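Colleague: So I've got this file, start21.cif, and it contains mmCIF, C-alpha atoms and all ligand atoms:
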```cif
data_data
loop_
_atom_site.label_atom_id
_atom_site.label_comp_id
_atom_site.auth_asym_id
_atom_site.auth_seq_id
_atom_site.Cartn_x
_atom_site.Cartn_y
_atom_site.Cartn_z
CA MET A 18 59.23 -18.79 9.02
CA THR A 19 61.82 -21.47 8.18
CA GLU A 20 62.33 -24.17 5.55
CA ASP A 21 61.15 -26.65 8.14
CA ASP A 22 57.93 -24.68 8.50
CA GLU A 23 57.34 -24.94 4.76
CA ARG A 24 58.09 -28.64 4.85
CA TRP A 25 55.52 -29.26 7.59
CA MET A 26 53.00 -27.01 5.86
CA ARG A 27 53.40 -29.10 2.69
CA GLU A 28 52.50 -32.09 4.82
CA ALA A 29 49.41 -30.24 6.11
CA ILE A 30 48.41 -29.45 2.50
CA ARG A 31 48.83 -33.12 1.59
CA ILE A 32 46.57 -34.11 4.50
CA ALA A 33 44.03 -31.45 3.49
CA ARG A 34 43.85 -32.99 0.01
CA SER A 35 43.70 -36.56 1.29
CA LYS A 36 39.94 -36.83 0.79
CA GLY A 37 39.77 -34.74 -2.34
CA SER A 38 40.24 -31.03 -2.80
CA ASP A 39 36.72 -29.78 -3.52
CA PRO A 40 36.65 -26.35 -1.83
CA SER A 41 33.01 -26.88 -0.81
CA THR A 42 34.16 -29.59 1.63
CA SER A 43 36.47 -27.18 3.46
CA PRO A 44 39.64 -29.21 2.97
CA LEU A 45 41.70 -28.18 5.98
CA GLY A 46 44.79 -29.98 7.14
CA SER A 47 46.63 -29.68 10.43
CA VAL A 48 49.92 -31.18 11.56
CA ILE A 49 51.47 -31.02 15.03
CA VAL A 50 55.25 -31.30 15.24
CA LEU A 51 57.12 -31.96 18.47
CA ASP A 52 60.90 -32.33 18.62
CA GLY A 53 61.14 -32.49 14.83
CA ARG A 54 58.59 -35.27 14.55
CA VAL A 55 54.94 -35.30 13.40
CA ILE A 56 52.80 -36.50 16.32
CA ALA A 57 49.44 -35.81 14.66
CA ALA A 58 48.18 -35.12 11.14
CA GLU A 59 44.45 -34.66 10.64
CA ARG A 60 41.93 -33.32 8.15
CA ASN A 61 38.69 -31.70 9.26
CA GLN A 62 36.04 -34.37 9.78
CA THR A 63 32.90 -32.41 10.66
CA HIS A 64 30.70 -34.10 8.06
CA GLU A 65 32.19 -37.58 8.27
CA LEU A 66 31.76 -38.05 12.01
CA PRO A 67 29.46 -35.92 12.15
CA ASP A 68 30.87 -33.53 14.76
CA ALA A 69 30.66 -29.76 14.51
CA THR A 70 33.86 -29.44 16.57
CA ALA A 71 35.91 -31.83 14.41
CA HIS A 72 38.01 -29.11 12.79
CA ALA A 73 41.44 -30.25 11.58
CA GLU A 74 43.22 -28.48 14.43
CA MET A 75 40.89 -29.92 17.10
CA MET A 76 41.39 -33.42 15.71
CA ALA A 77 45.16 -32.95 15.56
CA ILE A 78 45.26 -31.74 19.17
CA ARG A 79 43.24 -34.78 20.27
CA ARG A 80 45.52 -37.17 18.38
CA GLY A 81 48.64 -35.29 19.55
CA CYS A 82 47.67 -35.64 23.20
CA GLU A 83 46.90 -39.33 22.67
CA ALA A 84 50.21 -39.87 20.88
CA SER A 85 52.28 -38.09 23.49
CA GLY A 86 50.26 -39.43 26.42
CA ALA A 87 50.21 -35.95 27.85
CA LEU A 88 47.56 -33.36 28.50
CA GLU A 89 49.83 -30.57 27.32
CA LEU A 90 51.74 -30.15 24.09
CA ARG A 91 54.38 -27.73 25.34
CA GLY A 92 57.11 -27.07 22.82
CA ALA A 93 54.97 -28.29 19.92
CA THR A 94 54.10 -26.34 16.78
CA LEU A 95 50.65 -26.65 15.24
CA TYR A 96 50.44 -26.11 11.48
CA SER A 97 47.16 -25.39 9.76
CA THR A 98 46.45 -24.70 6.10
CA LEU A 99 43.95 -22.01 7.08
CA GLN A 100 43.91 -19.43 9.88
CA PRO A 101 42.47 -21.23 12.92
CA CYS A 102 39.00 -20.19 14.04
CA GLY A 103 38.27 -18.95 17.55
CA MET A 104 37.51 -22.45 18.83
CA CYS A 105 40.76 -23.91 17.50
CA THR A 106 42.77 -20.95 18.75
CA MET A 107 41.35 -21.54 22.23
CA ALA A 108 42.08 -25.26 21.91
CA SER A 109 45.68 -24.34 21.08
CA ILE A 110 45.84 -22.30 24.27
CA TRP A 111 44.38 -25.07 26.43
CA SER A 112 46.71 -27.64 24.93
CA LYS A 113 49.69 -25.32 25.54
CA VAL A 114 51.21 -25.58 22.07
CA GLY A 115 54.03 -23.08 21.84
CA ARG A 116 53.48 -21.91 18.30
CA VAL A 117 50.74 -21.86 15.67
CA VAL A 118 51.68 -21.47 12.00
CA TYR A 119 48.97 -21.10 9.39
CA GLY A 120 48.95 -20.77 5.62
CA ALA A 121 46.09 -18.80 4.13
CA GLY A 122 44.59 -16.04 6.25
CA ARG A 123 41.08 -14.70 6.54
CA ALA A 124 41.61 -12.18 3.74
CA ASP A 125 42.93 -14.84 1.34
CA VAL A 126 39.75 -16.92 1.10
CA HIS A 127 35.97 -16.64 0.88
CA PRO A 128 34.24 -15.42 4.09
CA MET A 129 32.24 -18.68 4.29
CA TYR A 130 35.20 -20.31 6.02
CA PHE A 131 35.08 -17.98 9.00
CA GLU A 132 32.84 -16.72 11.74
CA ALA A 133 31.07 -13.50 10.84
CA ARG A 134 33.17 -11.63 13.38
CA HIS A 135 36.59 -13.07 13.86
CA VAL A 136 38.21 -12.05 17.10
CA ASP A 137 41.63 -10.51 16.81
CA THR A 138 43.14 -13.64 18.25
CA LEU A 139 46.62 -12.37 19.01
CA SER A 140 45.67 -9.41 21.18
CA PHE A 141 42.77 -11.36 22.68
CA ILE A 142 45.10 -14.14 23.72
CA ALA A 143 47.81 -11.84 25.04
CA ASP A 144 45.28 -9.91 27.12
CA ALA A 145 43.24 -12.78 28.42
CA TYR A 146 45.27 -15.94 28.41
CA ARG A 147 48.87 -16.25 27.31
CA ASP A 148 51.56 -13.93 26.13
CA ASP A 149 53.97 -16.74 25.28
CA ILE A 150 52.13 -18.35 22.36
CA VAL A 151 53.31 -17.32 18.92
CA ILE A 152 50.90 -17.22 15.99
CA GLU A 153 52.30 -16.66 12.50
CA GLY A 154 50.45 -16.64 9.19
CA GLY A 155 51.32 -16.73 5.53
CA CYS A 156 53.40 -19.91 5.36
CA LEU A 157 52.92 -21.13 1.74
CA ARG A 158 50.01 -18.70 1.61
CA ALA A 159 49.27 -19.08 -2.12
CA GLU A 160 49.43 -22.88 -2.12
CA CYS A 161 47.14 -23.04 0.91
CA ALA A 162 44.68 -20.47 -0.49
CA GLU A 163 44.32 -22.63 -3.62
CA LEU A 164 42.51 -25.22 -1.50
CA TYR A 165 39.62 -22.83 -0.90
CA TYR A 166 37.17 -20.60 -2.71
CA PRO A 167 38.76 -17.21 -3.44
CA PRO A 168 37.55 -14.13 -1.51
CA ASP A 169 35.40 -12.85 -4.37
CA ALA A 170 33.88 -16.18 -5.48
CA ASP A 171 30.20 -15.87 -6.35
CA LEU A 172 28.78 -18.87 -4.54
CA PRO A 173 25.21 -20.11 -4.31
CA GLU A 174 23.93 -19.81 -0.76
CA ASP A 175 23.71 -23.56 -0.16
CA GLU A 176 27.44 -23.84 -0.86
CA GLN A 177 28.26 -21.36 1.87
CA ALA A 178 28.47 -23.77 4.75
CA ASN A 179 29.23 -21.34 7.53
CA LEU A 180 26.93 -18.46 6.67
ZN ZN B 1 38.53 -24.33 13.87
#
```
Represent the supplied structure as structure tokens.
Ligand SMILES: [Zn+2]
Modeller:
Amino acid sequence: MTEDDERWMREAIRIARSKGSDPSTSPLGSVIVLDGRVIAAERNQTHELPDATAHAEMMAIRRGCEASGALELRGATLYSTLQPCGMCTMASIWSKVGRVVYGAGRADVHPMYFEARHVDTLSFIADAYRDDIVIEGGCLRAECAELYYPPDADLPEDEQANL
């Protein structure tokens, strides 16, 4: 993890907060950087569109491919304020990003933000798809975790979007 990583993660946090920072709206931000330049910066937009697949990382990959005019984002780093879900991890593989850096991990936030059974993405990917993608967590972990409900939050059921 470098100072540049923290700089780009701050940008992802800023994007996450761009439509307010109510943790019930799952404020996730994702930034894709290629050759030292941001080519996409997106917040999750599942409710706005509405589109169940419009996670921040999915939206950033779509915008990144549009911006670069290429199907593949080789050499790019994808930053996300929260550990990417299985769908977004697979999207990272298909888009050929070289590196994924996330802030808060599964253990840092309430379970409502994740699938009930999260695949161990790293070993899954190495076995099944690619052994050259790097996934690193914990970049500005505390700042990112502040965007979300804490692990032990006592939430009413209708607040728990993913359960
Ligand atoms: Zn996702």
Colleague: Residues at most 10 Å from ligand ZN 1 (chain B), using all atoms listed in the file? Could they come as a PyMOL selection string?
Modeller: chain A and resi 45+61+69-76+97+99-108+130-132
Colleague: Work out how far CA of Gly53 (chain A) is from CA of Glu160 (chain A), in Å to one decimal.
Modeller: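 Interatomic distance, CA of Glu160 (chain A) to CA of Gly53 (chain A): 22.7 Å.
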Colleague: Using only C-alpha atoms, can you tell me which of A:Gly46, A:Gly155, A:Pro128, A:Gly86 comes closest to Arg27 (chain A)?
Modeller: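 Between A:Gly46, A:Gly155, A:Pro128, A:Gly86, the residue approaching Arg27 (chain A) most closely is A:Gly46.
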Colleague: For each of A:Ile30, A:Leu172, A:Pro40, A:Leu88, take the minimum atom-to-atom distance to Ala159 (chain A), counting only C-alpha atoms, then give the residue where this is smallest.
Modeller: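 Ranked by minimum distance to Ala159 (chain A), first place goes to A:Ile30.
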Colleague: Can you tell me which residues surround Glu163 (chain A) at a distance of at most 9 Å, considering only C-alpha atoms, apart from same-chain residues fewer than 5 positions away, and format the answer as a PDB file with C-alpha atoms, in the frame of the given file?
Modeller:
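Result file is selection.pdb:
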```pdb
ATOM      1  CA  PRO A  40      36.650 -26.350  -1.830  1.00  0.00           C
ATOM      2  CA  ALA A 121      46.090 -18.800   4.130  1.00  0.00           C
ATOM      3  CA  VAL A 126      39.750 -16.920   1.100  1.00  0.00           C
ATOM      4  CA  ARG A 158      50.010 -18.700   1.610  1.00  0.00           C
TER       5      ARG A 158
END
```
Colleague: Return the single residue from A:Ala58, A:Ala93, A:Val151, A:Cys156 that is closest to Ala77 (chain A), with distances computed using all atoms listed in the file.
Modeller: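 Ranked by minimum distance to Ala77 (chain A), first place goes to A:Ala58.
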Colleague: At what distance in Å, to one decimal, does CA of Arg54 (chain A) lie from CA of Ala87 (chain A)?
Modeller: 15.7 Å
Colleague: Show which residues sit within 8 Å of Tyr165 (chain A), as a ChimeraX atom specification. Count all atoms listed in the file, and ignore same-chain residues fewer than 2 positions away.
Modeller: /A:39-41,43-44,126-127,161-163,167
Colleague: Go ahead and save the picked residues with C-alpha atoms, as a short mmCIF file (atom, residue, chain, number, x, y, z; two decimals), in the frame of the given file.
Modeller:
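Saved the output as out.cif:
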```cif
data_model
loop_
_atom_site.label_atom_id
_atom_site.label_comp_id
_atom_site.auth_asym_id
_atom_site.auth_seq_id
_atom_site.Cartn_x
_atom_site.Cartn_y
_atom_site.Cartn_z
CA ASP A 39 36.72 -29.78 -3.52
CA PRO A 40 36.65 -26.35 -1.83
CA SER A 41 33.01 -26.88 -0.81
CA SER A 43 36.47 -27.18 3.46
CA PRO A 44 39.64 -29.21 2.97
CA VAL A 126 39.75 -16.92 1.10
CA HIS A 127 35.97 -16.64 0.88
CA CYS A 161 47.14 -23.04 0.91
CA ALA A 162 44.68 -20.47 -0.49
CA GLU A 163 44.32 -22.63 -3.62
CA PRO A 167 38.76 -17.21 -3.44
#
```
Colleague: A:Leu66, A:Gln177, A:Arg34, A:Arg116: which is nearest Leu90 (chain A), counting all atoms listed in the file?
Modeller: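 Using all atoms listed in the file, Leu90 (chain A) sits closest to A:Arg116.
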